[in-house]
Amino acid sequence: MRELLIAEVKEFGSELPPISADPPEHKPYKQLILPLFSPKAVEEYRAFTENLANELIDKHIASGKMDAAVDCAQQIPPRVIAYIIGIDPGRADDFTDWTRGIIELGQTDPEARMKYRRLIRDFFQEMIEERRDNPRDDAISKLMAAEINGEKLSDYSVIGVCFLLLVAGIDTTWSSIGSALWHFGTHEEDRKRLYAEPEILPTAVEELLRYYSPVVMARRVLDPIKFGEADMVPGEKVIMNFPAANRDPDVFDRPDEVLLDREHNRHIAFGVGIHRCAGSNLARMEMDVALRVWFDRIGDFEVTDLEAVRWTGGQVRGVRIAPMRITAR
Ligand code: HEM
């Protein structure tokens, strides 16, 4: 295992900026990508996302059944992030397989993780070559033209940023949309309430982000530090357990209950500090659209076979299979 990890660092380095960068390198990378996910930019992706969500429902509505995880939640984020980066949304299934290969399978299988890292790296190298002499109006071309401290980014850094955007944009939001649909498909009272009071959707989205917080991150200790009773030494890894923090009884009233209209909800599902999620506006928009279109188009729904439901754990937690009975409006 150790040899494989060393081989992985030798082959790929560890650069996926900004998540892999410390200050002062972190800031310029973050500033490069934030405009892609500003509230204004994200609104420009709304129509694409709405069309997509409607198409998915069109495809399944007549059959009376739909897997909320596979047929809906899984389909939206890879296409939206592909559209933003400037790569073919038609290859969404490949992007999802590669991301799962790293985030799900790759957590315990370093060889698989390297295989999928190679696929993503080679894919983005190809995308860079295609744009080298013919820049397009897309994120890859913008990153290739960008400068940090007066210098163009290397291919290695452009690949690192695109790699991060692809992987960070897929499993996370797929999980949050899936958990939300699963929640409504198994909690009749909350489902009825959202049908009756669609105006509470924005607070419901925040509450579901808090309650089902899909993402856990880690940091590596650089300097010796004592935190509470724990002595941490350089090289150790520290898990940032955002989901647990989001159930902190000192911060949240009735933390283990889903309150769709929770007023005070300073959750940290998107992290805190300098590495706070760059895509939070996008994730919120995708959740809003997925749920809004689902509730608009579907008259009622419920999970039909609880035994068949499957969740994935690890760094990103979300529902991966959730068969539902659906009726048209
Ligand atoms: C519900 C969906 C999402 C959740 C829960 C989530 C959560 C997180 C968390 C917890 C972090 C790490 C924060 C830290 O280390 O302190 C993070 C970082 C990041 N996320 Fe997200 N994320 C989501 C969706 C997205 C999307 C759609 C994108 C778009 C590409 C994205 C891009 C990023 C990037 C680029 C970073 C690194 C930021 C930095 O290092 O400064 N995320 N996210």
# chains A, B, ... in the order shown; residues from 1 in each chain; ligands from 1
call {"tool": "residues_around", "arguments": {"residues": "Leu52 in chain A", "least_positions_apart": "3", "cutoff": "12 Å", "atoms": "only C-alpha atoms", "output": "count of residues only"}}
result
28
call {"tool": "closest_atom_pairs", "arguments": {"of": "chain A", "to": "ligand 1", "cutoff": "7 Å", "atoms": "only C-alpha atoms and all ligand atoms", "output": "CSV"}}
result
residue,atom,partner,partner_atom_place_in_ligand_line,distance
A:Pro17,CA,ligand 1,40 (O),6.8
A:Pro18,CA,ligand 1,40 (O),4.3
A:Ile19,CA,ligand 1,40 (O),3.1
A:Ser20,CA,ligand 1,40 (O),6.7
A:His26,CA,ligand 1,41 (O),6.9
A:Lys30,CA,ligand 1,41 (O),5.6
A:Ile81,CA,ligand 1,30 (C),6.5
A:Leu164,CA,ligand 1,35 (C),6.1
A:Leu165,CA,ligand 1,30 (C),4.0
A:Leu166,CA,ligand 1,30 (C),6.1
A:Ala168,CA,ligand 1,31 (C),4.6
A:Gly169,CA,ligand 1,27 (C),3.8
A:Ile170,CA,ligand 1,27 (C),6.6
A:Thr172,CA,ligand 1,2 (C),4.4
A:Thr173,CA,ligand 1,2 (C),4.0
A:Ser176,CA,ligand 1,1 (C),5.0
A:Leu209,CA,ligand 1,1 (C),6.7
A:Ser213,CA,ligand 1,5 (C),5.9
A:Pro214,CA,ligand 1,5 (C),5.3
A:Val215,CA,ligand 1,10 (C),5.1
A:Val216,CA,ligand 1,10 (C),5.9
A:Met217,CA,ligand 1,15 (O),5.4
A:Ala218,CA,ligand 1,15 (O),6.9
A:Phe242,CA,ligand 1,10 (C),6.8
A:Ala269,CA,ligand 1,5 (C),5.0
A:Phe270,CA,ligand 1,7 (C),3.9
A:Gly271,CA,ligand 1,13 (C),3.9
A:Val272,CA,ligand 1,16 (O),4.8
A:Gly273,CA,ligand 1,16 (O),5.9
A:Ile274,CA,ligand 1,41 (O),5.7
A:His275,CA,ligand 1,41 (O),3.3
A:Arg276,CA,ligand 1,13 (C),4.1
A:Cys277,CA,ligand 1,18 (C),3.5
A:Ala278,CA,ligand 1,34 (C),4.5
A:Gly279,CA,ligand 1,28 (C),3.6
A:Ser280,CA,ligand 1,24 (C),5.6
A:Leu282,CA,ligand 1,27 (C),5.3
A:Ala283,CA,ligand 1,27 (C),4.5
A:Arg284,CA,ligand 1,1 (C),6.9
call {"tool": "closest_residue", "arguments": {"among": "A:His60, A:Arg193, A:Arg329, A:Arg91", "to": "Asp296 in chain A", "atoms": "only C-alpha atoms"}}
result
A:Arg329
call {"tool": "atom_distance", "arguments": {"atom1": "CA of Glu236 in chain A", "atom2": "CA of Arg220 in chain A"}}
result
5.7 Å
call {"tool": "closest_residue", "arguments": {"among": "A:Pro323, A:Gly235, A:Pro198, A:Gly314", "to": "Thr108 in chain A", "atoms": "only C-alpha atoms"}}
result
A:Gly314
call {"tool": "closest_residue", "arguments": {"among": "A:Asp231, A:Asp155, A:Glu50, A:Asp223", "to": "Arg297 in chain A", "atoms": "only C-alpha atoms"}}
result
A:Glu50
call {"tool": "residues_around", "arguments": {"residues": "Gly313 in chain A", "least_positions_apart": "5", "cutoff": "10 Å", "atoms": "only C-alpha atoms", "output": "list of chain:residue names"}}
result
A:Ile103, A:Glu104, A:Gln107, A:Pro214, A:Val215, A:Gly318, A:Val319
call {"tool": "write_last_selection", "arguments": {"atoms": "N, CA and C atoms", "output": "PDB file, in the first residue's frame"}}
result
ATOM      1  N   ILE A 103     -13.257   8.847  -5.877  1.00  0.00           N
ATOM      2  CA  ILE A 103     -13.826   9.194  -4.564  1.00  0.00           C
ATOM      3  C   ILE A 103     -14.431   7.990  -3.841  1.00  0.00           C
ATOM      4  N   GLU A 104     -15.017   7.061  -4.594  1.00  0.00           N
ATOM      5  CA  GLU A 104     -15.648   5.922  -3.914  1.00  0.00           C
ATOM      6  C   GLU A 104     -14.688   4.720  -3.901  1.00  0.00           C
ATOM      7  N   GLN A 107     -10.952   5.184  -2.555  1.00  0.00           N
ATOM      8  CA  GLN A 107     -10.660   5.388  -1.130  1.00  0.00           C
ATOM      9  C   GLN A 107      -9.917   4.199  -0.555  1.00  0.00           C
ATOM     10  N   PRO A 214     -22.983  16.075   2.862  1.00  0.00           N
ATOM     11  CA  PRO A 214     -22.334  14.939   2.186  1.00  0.00           C
ATOM     12  C   PRO A 214     -20.814  14.869   2.287  1.00  0.00           C
ATOM     13  N   VAL A 215     -20.141  15.982   2.640  1.00  0.00           N
ATOM     14  CA  VAL A 215     -18.686  15.991   2.439  1.00  0.00           C
ATOM     15  C   VAL A 215     -17.871  16.095   3.736  1.00  0.00           C
ATOM     16  N   GLY A 318     -23.708   9.687   0.145  1.00  0.00           N
ATOM     17  CA  GLY A 318     -24.958   9.990  -0.547  1.00  0.00           C
ATOM     18  C   GLY A 318     -25.656   8.726  -0.984  1.00  0.00           C
ATOM     19  N   VAL A 319     -26.923   8.884  -1.396  1.00  0.00           N
ATOM     20  CA  VAL A 319     -27.695   7.726  -1.813  1.00  0.00           C
ATOM     21  C   VAL A 319     -27.351   7.433  -3.272  1.00  0.00           C
TER      22      VAL A 319
END
call {"tool": "atom_distance", "arguments": {"atom1": "CA of Tyr156 in chain A", "atom2": "CA of Trp98 in chain A"}}
result
18.6 Å
call {"tool": "closest_residue", "arguments": {"among": "A:Asp171, A:Asp288, A:Phe123, A:Asp256", "to": "Glu199 in chain A", "atoms": "only C-alpha atoms"}}
result
A:Asp288
call {"tool": "closest_residue", "arguments": {"among": "A:Arg136, A:Arg100, A:His267, A:Lys152", "to": "Ile120 in chain A", "atoms": "only C-alpha atoms"}}
result
A:Arg100
call {"tool": "select_by_dssp", "arguments": {"residues": "range 72-177 of chain A", "states": "helix (DSSP H, G or I)", "output": "ChimeraX atom specification"}}
result
/A:72-73,76-85,89-103,105-107,110-132,139-145,155-177
call {"tool": "atom_distance", "arguments": {"atom1": "CA of Glu111 in chain A", "atom2": "CA of Thr99 in chain A"}}
result
14.3 Å
call {"tool": "decode", "arguments": {"residues": "range 17-48 of chain A", "atoms": "N, CA and C atoms", "output": "CSV table (one decimal), in the first residue's frame"}}
result
chain,number,residue,atom,x,y,z
A,17,PRO,N,-4.9,22.6,-7.2
A,17,PRO,CA,-5.2,23.9,-6.6
A,17,PRO,C,-6.7,24.3,-6.9
A,18,PRO,N,-7.3,25.1,-6.0
A,18,PRO,CA,-6.8,25.6,-4.8
A,18,PRO,C,-6.9,24.6,-3.6
A,19,ILE,N,-7.5,23.4,-3.7
A,19,ILE,CA,-7.7,22.7,-2.5
A,19,ILE,C,-6.4,22.2,-1.9
A,20,SER,N,-5.4,22.0,-2.8
A,20,SER,CA,-4.1,21.4,-2.3
A,20,SER,C,-3.1,22.5,-1.9
A,21,ALA,N,-3.5,23.8,-2.1
A,21,ALA,CA,-2.5,24.9,-1.9
A,21,ALA,C,-2.7,25.5,-0.5
A,22,ASP,N,-1.6,25.9,0.1
A,22,ASP,CA,-1.6,26.7,1.3
A,22,ASP,C,-1.4,28.2,0.9
A,23,PRO,N,-1.7,29.1,1.8
A,23,PRO,CA,-1.3,30.5,1.6
A,23,PRO,C,0.2,30.6,1.4
A,24,PRO,N,0.8,31.5,0.6
A,24,PRO,CA,0.0,32.5,-0.2
A,24,PRO,C,-0.4,31.9,-1.6
A,25,GLU,N,0.0,30.7,-2.0
A,25,GLU,CA,-0.4,30.2,-3.3
A,25,GLU,C,-1.9,30.0,-3.5
A,26,HIS,N,-2.6,29.7,-2.4
A,26,HIS,CA,-4.0,29.4,-2.4
A,26,HIS,C,-4.9,30.5,-3.1
A,27,LYS,N,-4.6,31.7,-2.6
A,27,LYS,CA,-5.5,32.8,-3.0
A,27,LYS,C,-5.6,33.1,-4.5
A,28,PRO,N,-4.5,33.2,-5.2
A,28,PRO,CA,-4.7,33.5,-6.7
A,28,PRO,C,-5.4,32.4,-7.4
A,29,TYR,N,-5.3,31.1,-7.0
A,29,TYR,CA,-6.0,30.0,-7.7
A,29,TYR,C,-7.5,30.2,-7.4
A,30,LYS,N,-7.8,30.5,-6.1
A,30,LYS,CA,-9.2,30.6,-5.7
A,30,LYS,C,-9.8,31.8,-6.5
A,31,GLN,N,-9.0,32.9,-6.6
A,31,GLN,CA,-9.6,34.0,-7.4
A,31,GLN,C,-9.8,33.7,-8.8
A,32,LEU,N,-9.0,32.8,-9.4
A,32,LEU,CA,-9.2,32.4,-10.8
A,32,LEU,C,-10.5,31.7,-11.0
A,33,ILE,N,-10.9,30.9,-10.0
A,33,ILE,CA,-12.1,30.1,-10.3
A,33,ILE,C,-13.4,30.7,-9.7
A,34,LEU,N,-13.3,31.6,-8.7
A,34,LEU,CA,-14.5,32.1,-8.1
A,34,LEU,C,-15.5,32.7,-9.1
A,35,PRO,N,-15.0,33.5,-10.1
A,35,PRO,CA,-15.9,34.1,-11.1
A,35,PRO,C,-16.8,33.1,-11.8
A,36,LEU,N,-16.3,31.9,-12.0
A,36,LEU,CA,-17.1,30.9,-12.7
A,36,LEU,C,-18.4,30.5,-11.8
A,37,PHE,N,-18.3,30.7,-10.5
A,37,PHE,CA,-19.4,30.3,-9.6
A,37,PHE,C,-20.0,31.4,-8.8
A,38,SER,N,-19.8,32.6,-9.3
A,38,SER,CA,-20.5,33.8,-8.6
A,38,SER,C,-22.0,33.6,-8.8
A,39,PRO,N,-22.8,34.3,-7.9
A,39,PRO,CA,-24.2,34.2,-8.1
A,39,PRO,C,-24.7,34.5,-9.5
A,40,LYS,N,-24.1,35.6,-10.1
A,40,LYS,CA,-24.5,36.0,-11.4
A,40,LYS,C,-24.2,34.9,-12.5
A,41,ALA,N,-23.0,34.4,-12.4
A,41,ALA,CA,-22.6,33.3,-13.3
A,41,ALA,C,-23.5,32.1,-13.2
A,42,VAL,N,-23.8,31.8,-12.0
A,42,VAL,CA,-24.6,30.6,-11.7
A,42,VAL,C,-26.0,30.7,-12.3
A,43,GLU,N,-26.5,31.9,-12.2
A,43,GLU,CA,-27.9,32.2,-12.8
A,43,GLU,C,-27.9,31.9,-14.3
A,44,GLU,N,-26.7,32.1,-14.9
A,44,GLU,CA,-26.6,31.8,-16.4
A,44,GLU,C,-26.7,30.3,-16.7
A,45,TYR,N,-26.4,29.5,-15.7
A,45,TYR,CA,-26.5,28.0,-15.9
A,45,TYR,C,-27.9,27.5,-15.5
A,46,ARG,N,-28.8,28.3,-15.0
A,46,ARG,CA,-30.0,27.8,-14.5
A,46,ARG,C,-30.9,27.2,-15.6
A,47,ALA,N,-31.0,27.9,-16.8
A,47,ALA,CA,-31.9,27.5,-17.8
A,47,ALA,C,-31.4,26.1,-18.3
A,48,PHE,N,-30.1,25.9,-18.5
A,48,PHE,CA,-29.5,24.6,-18.9
A,48,PHE,C,-29.9,23.6,-17.9
